[in-house]
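**Student:** As input, take input_27.cif (mmCIF, N, CA and C atoms and all ligand atoms; chains and numbers go by the auth columns):
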data_run
#
loop_
_atom_site.group_PDB
_atom_site.id
_atom_site.type_symbol
_atom_site.label_atom_id
_atom_site.label_comp_id
_atom_site.label_asym_id
_atom_site.label_seq_id
_atom_site.Cartn_x
_atom_site.Cartn_y
_atom_site.Cartn_z
_atom_site.B_iso_or_equiv
_atom_site.auth_seq_id
_atom_site.auth_asym_id
ATOM 1 N N MET A 1 -6.163 -0.603 13.383 0.00 15 J
ATOM 2 C CA MET A 1 -6.269 -1.326 12.118 0.00 15 J
ATOM 3 C C MET A 1 -4.865 -1.495 11.522 0.00 15 J
ATOM 4 N N THR A 2 -4.573 -2.692 11.081 0.00 16 J
ATOM 5 C CA THR A 2 -3.258 -2.952 10.511 0.00 16 J
ATOM 6 C C THR A 2 -3.328 -2.870 8.989 0.00 16 J
ATOM 7 N N PRO A 3 -2.244 -2.457 8.345 0.00 17 J
ATOM 8 C CA PRO A 3 -2.269 -2.301 6.888 0.00 17 J
ATOM 9 C C PRO A 3 -2.077 -3.603 6.126 0.00 17 J
ATOM 10 N N GLY A 4 -1.731 -4.673 6.825 0.00 18 J
ATOM 11 C CA GLY A 4 -1.446 -5.920 6.123 0.00 18 J
ATOM 12 C C GLY A 4 -0.137 -5.809 5.355 0.00 18 J
ATOM 13 N N LEU A 5 -0.124 -6.349 4.159 0.00 19 J
ATOM 14 C CA LEU A 5 1.122 -6.416 3.376 0.00 19 J
ATOM 15 C C LEU A 5 1.700 -5.048 3.043 0.00 19 J
ATOM 16 N N CYS A 6 0.851 -4.061 2.866 0.00 20 J
ATOM 17 C CA CYS A 6 1.350 -2.719 2.528 0.00 20 J
ATOM 18 C C CYS A 6 2.258 -2.164 3.634 0.00 20 J
ATOM 19 N N GLY A 7 2.070 -2.633 4.841 0.00 21 J
ATOM 20 C CA GLY A 7 2.873 -2.140 5.950 0.00 21 J
ATOM 21 C C GLY A 7 4.333 -2.543 5.865 0.00 21 J
ATOM 22 N N ARG A 8 4.618 -3.502 5.012 0.00 22 J
ATOM 23 C CA ARG A 8 6.008 -3.936 4.854 0.00 22 J
ATOM 24 C C ARG A 8 6.251 -4.268 3.381 0.00 22 J
ATOM 25 N N CYS A 9 6.143 -3.236 2.551 0.00 23 J
ATOM 26 C CA CYS A 9 6.295 -3.417 1.102 0.00 23 J
ATOM 27 C C CYS A 9 7.126 -2.271 0.553 0.00 23 J
ATOM 28 N N ARG A 10 8.049 -2.592 -0.322 0.00 24 J
ATOM 29 C CA ARG A 10 8.928 -1.553 -0.873 0.00 24 J
ATOM 30 C C ARG A 10 8.168 -0.581 -1.775 0.00 24 J
ATOM 31 N N HIS A 11 6.980 -0.952 -2.232 0.00 25 J
ATOM 32 C CA HIS A 11 6.201 -0.090 -3.124 0.00 25 J
ATOM 33 C C HIS A 11 5.272 0.846 -2.373 0.00 25 J
ATOM 34 N N ALA A 12 5.176 0.693 -1.073 0.00 26 J
ATOM 35 C CA ALA A 12 4.215 1.463 -0.290 0.00 26 J
ATOM 36 C C ALA A 12 4.832 2.740 0.266 0.00 26 J
ATOM 37 N N LYS A 13 4.026 3.782 0.264 0.00 27 J
ATOM 38 C CA LYS A 13 4.418 5.015 0.935 0.00 27 J
ATOM 39 C C LYS A 13 3.338 5.337 1.956 0.00 27 J
ATOM 40 N N GLU A 14 3.745 5.447 3.207 0.00 28 J
ATOM 41 C CA GLU A 14 2.781 5.713 4.277 0.00 28 J
ATOM 42 C C GLU A 14 2.470 7.197 4.328 0.00 28 J
ATOM 43 N N LEU A 15 1.177 7.510 4.337 0.00 29 J
ATOM 44 C CA LEU A 15 0.736 8.902 4.381 0.00 29 J
ATOM 45 C C LEU A 15 -0.143 9.121 5.602 0.00 29 J
ATOM 46 N N HIS A 16 0.013 10.266 6.235 0.00 30 J
ATOM 47 C CA HIS A 16 -0.797 10.610 7.407 0.00 30 J
ATOM 48 C C HIS A 16 -1.663 11.811 7.054 0.00 30 J
ATOM 49 N N THR A 17 -2.973 11.659 7.203 0.00 31 J
ATOM 50 C CA THR A 17 -3.878 12.763 6.898 0.00 31 J
ATOM 51 C C THR A 17 -3.987 13.695 8.103 0.00 31 J
ATOM 52 N N LYS A 18 -4.497 14.893 7.847 0.00 32 J
ATOM 53 C CA LYS A 18 -4.691 15.842 8.938 0.00 32 J
ATOM 54 C C LYS A 18 -5.690 15.321 9.957 0.00 32 J
ATOM 55 N N GLY A 19 -6.592 14.465 9.495 0.00 33 J
ATOM 56 C CA GLY A 19 -7.599 13.899 10.391 0.00 33 J
ATOM 57 C C GLY A 19 -7.104 12.744 11.233 0.00 33 J
ATOM 58 N N GLY A 20 -5.836 12.389 11.045 0.00 34 J
ATOM 59 C CA GLY A 20 -5.265 11.333 11.861 0.00 34 J
ATOM 60 C C GLY A 20 -5.310 9.949 11.240 0.00 34 J
ATOM 61 N N SER A 21 -5.823 9.860 10.014 0.00 35 J
ATOM 62 C CA SER A 21 -5.865 8.567 9.348 0.00 35 J
ATOM 63 C C SER A 21 -4.513 8.259 8.705 0.00 35 J
ATOM 64 N N VAL A 22 -4.265 6.985 8.519 0.00 36 J
ATOM 65 C CA VAL A 22 -3.046 6.550 7.829 0.00 36 J
ATOM 66 C C VAL A 22 -3.460 5.860 6.540 0.00 36 J
ATOM 67 N N LEU A 23 -2.883 6.319 5.428 0.00 37 J
ATOM 68 C CA LEU A 23 -3.140 5.735 4.118 0.00 37 J
ATOM 69 C C LEU A 23 -1.843 5.176 3.581 0.00 37 J
ATOM 70 N N TYR A 24 -1.975 4.235 2.662 0.00 38 J
ATOM 71 C CA TYR A 24 -0.791 3.724 1.983 0.00 38 J
ATOM 72 C C TYR A 24 -0.946 3.970 0.490 0.00 38 J
ATOM 73 N N LEU A 25 0.021 4.660 -0.083 0.00 39 J
ATOM 74 C CA LEU A 25 0.051 4.919 -1.517 0.00 39 J
ATOM 75 C C LEU A 25 0.861 3.810 -2.174 0.00 39 J
ATOM 76 N N CYS A 26 0.240 3.129 -3.129 0.00 40 J
ATOM 77 C CA CYS A 26 0.924 2.030 -3.815 0.00 40 J
ATOM 78 C C CYS A 26 1.665 2.573 -5.034 0.00 40 J
ATOM 79 N N GLY A 27 2.963 2.428 -5.034 0.00 41 J
ATOM 80 C CA GLY A 27 3.780 2.932 -6.131 0.00 41 J
ATOM 81 C C GLY A 27 3.573 2.196 -7.430 0.00 41 J
ATOM 82 N N LEU A 28 3.063 1.000 -7.387 0.00 42 J
ATOM 83 C CA LEU A 28 2.836 0.240 -8.617 0.00 42 J
ATOM 84 C C LEU A 28 1.618 0.744 -9.382 0.00 42 J
ATOM 85 N N ALA A 29 0.724 1.438 -8.696 0.00 43 J
ATOM 86 C CA ALA A 29 -0.522 1.873 -9.322 0.00 43 J
ATOM 87 C C ALA A 29 -0.277 2.829 -10.489 0.00 43 J
ATOM 88 N N ALA A 30 0.804 3.561 -10.457 0.00 44 J
ATOM 89 C CA ALA A 30 1.085 4.540 -11.515 0.00 44 J
ATOM 90 C C ALA A 30 1.362 3.864 -12.854 0.00 44 J
ATOM 91 N N SER A 31 1.825 2.628 -12.827 0.00 45 J
ATOM 92 C CA SER A 31 2.207 1.965 -14.069 0.00 45 J
ATOM 93 C C SER A 31 1.459 0.668 -14.331 0.00 45 J
ATOM 94 N N ASP A 32 0.640 0.244 -13.384 0.00 46 J
ATOM 95 C CA ASP A 32 -0.046 -1.043 -13.538 0.00 46 J
ATOM 96 C C ASP A 32 -1.480 -0.929 -13.006 0.00 46 J
ATOM 97 N N PRO A 33 -2.471 -1.017 -13.895 0.00 47 J
ATOM 98 C CA PRO A 33 -3.867 -0.803 -13.474 0.00 47 J
ATOM 99 C C PRO A 33 -4.415 -1.887 -12.553 0.00 47 J
ATOM 100 N N ARG A 34 -3.676 -2.955 -12.357 0.00 48 J
ATOM 101 C CA ARG A 34 -4.143 -3.991 -11.423 0.00 48 J
ATOM 102 C C ARG A 34 -4.095 -3.511 -9.978 0.00 48 J
ATOM 103 N N PHE A 35 -3.347 -2.441 -9.724 0.00 49 J
ATOM 104 C CA PHE A 35 -3.156 -1.991 -8.346 0.00 49 J
ATOM 105 C C PHE A 35 -3.875 -0.673 -8.105 0.00 49 J
ATOM 106 N N ASP A 36 -4.529 -0.577 -6.953 0.00 50 J
ATOM 107 C CA ASP A 36 -5.198 0.660 -6.560 0.00 50 J
ATOM 108 C C ASP A 36 -4.178 1.635 -5.985 0.00 50 J
ATOM 109 N N LYS A 37 -4.351 2.903 -6.315 0.00 51 J
ATOM 110 C CA LYS A 37 -3.422 3.909 -5.793 0.00 51 J
ATOM 111 C C LYS A 37 -3.446 3.918 -4.266 0.00 51 J
ATOM 112 N N TYR A 38 -4.638 3.847 -3.716 0.00 52 J
ATOM 113 C CA TYR A 38 -4.792 3.784 -2.255 0.00 52 J
ATOM 114 C C TYR A 38 -5.514 2.482 -1.927 0.00 52 J
ATOM 115 N N PRO A 39 -4.786 1.413 -1.710 0.00 53 J
ATOM 116 C CA PRO A 39 -5.409 0.101 -1.504 0.00 53 J
ATOM 117 C C PRO A 39 -6.312 0.092 -0.276 0.00 53 J
ATOM 118 N N ARG A 40 -7.380 -0.674 -0.403 0.00 54 J
ATOM 119 C CA ARG A 40 -8.266 -0.863 0.745 0.00 54 J
ATOM 120 C C ARG A 40 -7.537 -1.767 1.741 0.00 54 J
ATOM 121 N N LEU A 41 -7.432 -1.282 2.960 0.00 55 J
ATOM 122 C CA LEU A 41 -6.658 -1.997 3.981 0.00 55 J
ATOM 123 C C LEU A 41 -7.560 -2.844 4.874 0.00 55 J
ATOM 124 N N PRO A 42 -7.075 -3.928 5.405 0.00 56 J
ATOM 125 C CA PRO A 42 -5.726 -4.458 5.209 0.00 56 J
ATOM 126 C C PRO A 42 -5.612 -5.261 3.901 0.00 56 J
ATOM 127 N N VAL A 43 -4.471 -5.159 3.263 0.00 57 J
ATOM 128 C CA VAL A 43 -4.187 -5.958 2.074 0.00 57 J
ATOM 129 C C VAL A 43 -3.602 -7.298 2.548 0.00 57 J
ATOM 130 N N LEU A 44 -4.325 -8.360 2.261 0.00 58 J
ATOM 131 C CA LEU A 44 -3.903 -9.680 2.740 0.00 58 J
ATOM 132 C C LEU A 44 -3.236 -10.512 1.654 0.00 58 J
ATOM 133 N N ARG A 45 -3.561 -10.216 0.414 0.00 59 J
ATOM 134 C CA ARG A 45 -2.920 -10.905 -0.716 0.00 59 J
ATOM 135 C C ARG A 45 -2.613 -9.878 -1.784 0.00 59 J
ATOM 136 N N CYS A 46 -1.422 -9.942 -2.354 0.00 60 J
ATOM 137 C CA CYS A 46 -1.062 -8.973 -3.389 0.00 60 J
ATOM 138 C C CYS A 46 0.055 -9.543 -4.245 0.00 60 J
ATOM 139 N N ASP A 47 -0.184 -9.561 -5.559 0.00 61 J
ATOM 140 C CA ASP A 47 0.834 -10.089 -6.485 0.00 61 J
ATOM 141 C C ASP A 47 2.056 -9.180 -6.577 0.00 61 J
ATOM 142 N N GLY A 48 1.912 -7.922 -6.202 0.00 62 J
ATOM 143 C CA GLY A 48 3.036 -7.001 -6.331 0.00 62 J
ATOM 144 C C GLY A 48 3.872 -6.846 -5.076 0.00 62 J
ATOM 145 N N HIS A 49 3.438 -7.476 -3.998 0.00 63 J
ATOM 146 C CA HIS A 49 4.139 -7.268 -2.737 0.00 63 J
ATOM 147 C C HIS A 49 5.603 -7.694 -2.826 0.00 63 J
ATOM 148 N N ALA A 50 6.470 -6.855 -2.297 0.00 64 J
ATOM 149 C CA ALA A 50 7.904 -7.167 -2.236 0.00 64 J
ATOM 150 C C ALA A 50 8.450 -6.559 -0.962 0.00 64 J
ATOM 151 N N LEU A 51 9.239 -7.309 -0.259 0.00 65 J
ATOM 152 C CA LEU A 51 9.810 -6.809 0.996 0.00 65 J
ATOM 153 C C LEU A 51 10.731 -5.617 0.728 0.00 65 J
ATOM 154 N N PRO A 52 10.843 -4.719 1.691 0.00 66 J
ATOM 155 C CA PRO A 52 11.746 -3.574 1.540 0.00 66 J
ATOM 156 C C PRO A 52 13.176 -4.045 1.298 0.00 66 J
ATOM 157 N N LEU A 53 13.937 -3.268 0.551 0.00 67 J
ATOM 158 C CA LEU A 53 15.332 -3.624 0.261 0.00 67 J
ATOM 159 C C LEU A 53 16.192 -3.422 1.475 0.00 67 J
HETATM 160 S S1 LIG B . 2.328 -3.709 -4.176 0.00 101 J
HETATM 161 FE FE1 LIG B . 0.623 -4.551 -2.961 0.00 101 J
HETATM 162 S S2 LIG B . 1.440 -4.696 -0.887 0.00 101 J
HETATM 163 FE FE2 LIG B . 2.790 -3.321 -2.028 0.00 101 J
HETATM 164 S S3 LIG B . 1.992 -1.263 -1.667 0.00 101 J
HETATM 165 FE FE3 LIG B . 1.035 -2.006 -3.532 0.00 101 J
HETATM 166 S S4 LIG B . -0.895 -2.901 -2.841 0.00 101 J
HETATM 167 FE FE4 LIG B . 0.424 -2.722 -1.044 0.00 101 J
#
Render the structure in this file as structure tokens.

**Tutor:**
Amino acid sequence: MTPGLCGRCRHAKELHTKGGSVLYLCGLAASDPRFDKYPRLPVLRCDGHALPL
């Protein structure tokens, strides 16, 4: 399964669970309620997406 936009976003932090799953933590969620802390993947459209610096 691919993460979509979160896989290449400066706001995303990739997390690996003990069970082998990969989650993406959205850094914008802490300050903007439009974004889910753990977005449902794959994210195909997102107003907050920004390429890594
Ligand atoms: S801003 Fe959008 S693309 Fe970036 S991590 Fe958050 S949900 Fe994913």

**Student:** Return as number ranges by chain the residues of protein, DNA or RNA that approach ligand LIG 101 (chain J) to within 6.5 Å, with only N, CA and C atoms and all ligand atoms taken into account.

**Tutor:** J: 19-27, 38-43, 49-50, 53, 57, 59-64

**Student:** Restricting the calculation to only N, CA and C atoms, which member of J:Leu67, J:Glu28, J:Gly34, J:Pro17 is positioned closest to Arg54 of chain J?

**Tutor:**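 Selected residue with least distance to Arg54 of chain J: J:Pro17.
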
**Student:** Nearest residue to Leu58 of chain J out of J:Ser35, J:Ser45, J:His30, J:Gly18, using all atoms listed in the file?

**Tutor:**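 Looking only at the distances to Leu58 of chain J, the closest residue turns out to be J:Gly18.
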
**Student:** Given 3 Å on each side, where is the centre and what are the edge lengths in Å to one decimal of the axis-aligned box enclosing the listed atoms of segment 31-50 of chain J, as AutoDock Vina command-line options?

**Tutor:**
--center_x -1.9 --center_y 5.9 --center_z -1.2 --size_x 17.4 --size_y 25.8 --size_z 32.2

**Student:** Could you tell me how far atom C of Leu65 of chain J lies from atom C of Leu37 of chain J, in Å and to one decimal?

**Tutor:** 16.8 Å

**Student:** Between J:Lys51, J:Pro56, J:Gly33, J:Asp46, which one has atoms that come closest to Met15 of chain J, using all atoms listed in the file?

**Tutor:**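 Under the stated criterion, the closest residue is J:Pro56.
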
**Student:** Residues of chain J in strand (DSSP E or B) according to DSSP, as an MDAnalysis selection string?

**Tutor:** chainID J and resid 18 26:30 36:40 57

**Student:** Could you jot down the atom CA of Leu55 of chain J to atom N of Thr31 of chain J separation for me, Å, one decimal place?

**Tutor:**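 Here the two named atoms are 14.5 Å from each other.
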
**Student:** According to DSSP computed on the backbone, where in chain J is there helix (DSSP H, G or I)? Give the residues as a ChimeraX atom specification.

**Tutor:** /J:19-22,41-44
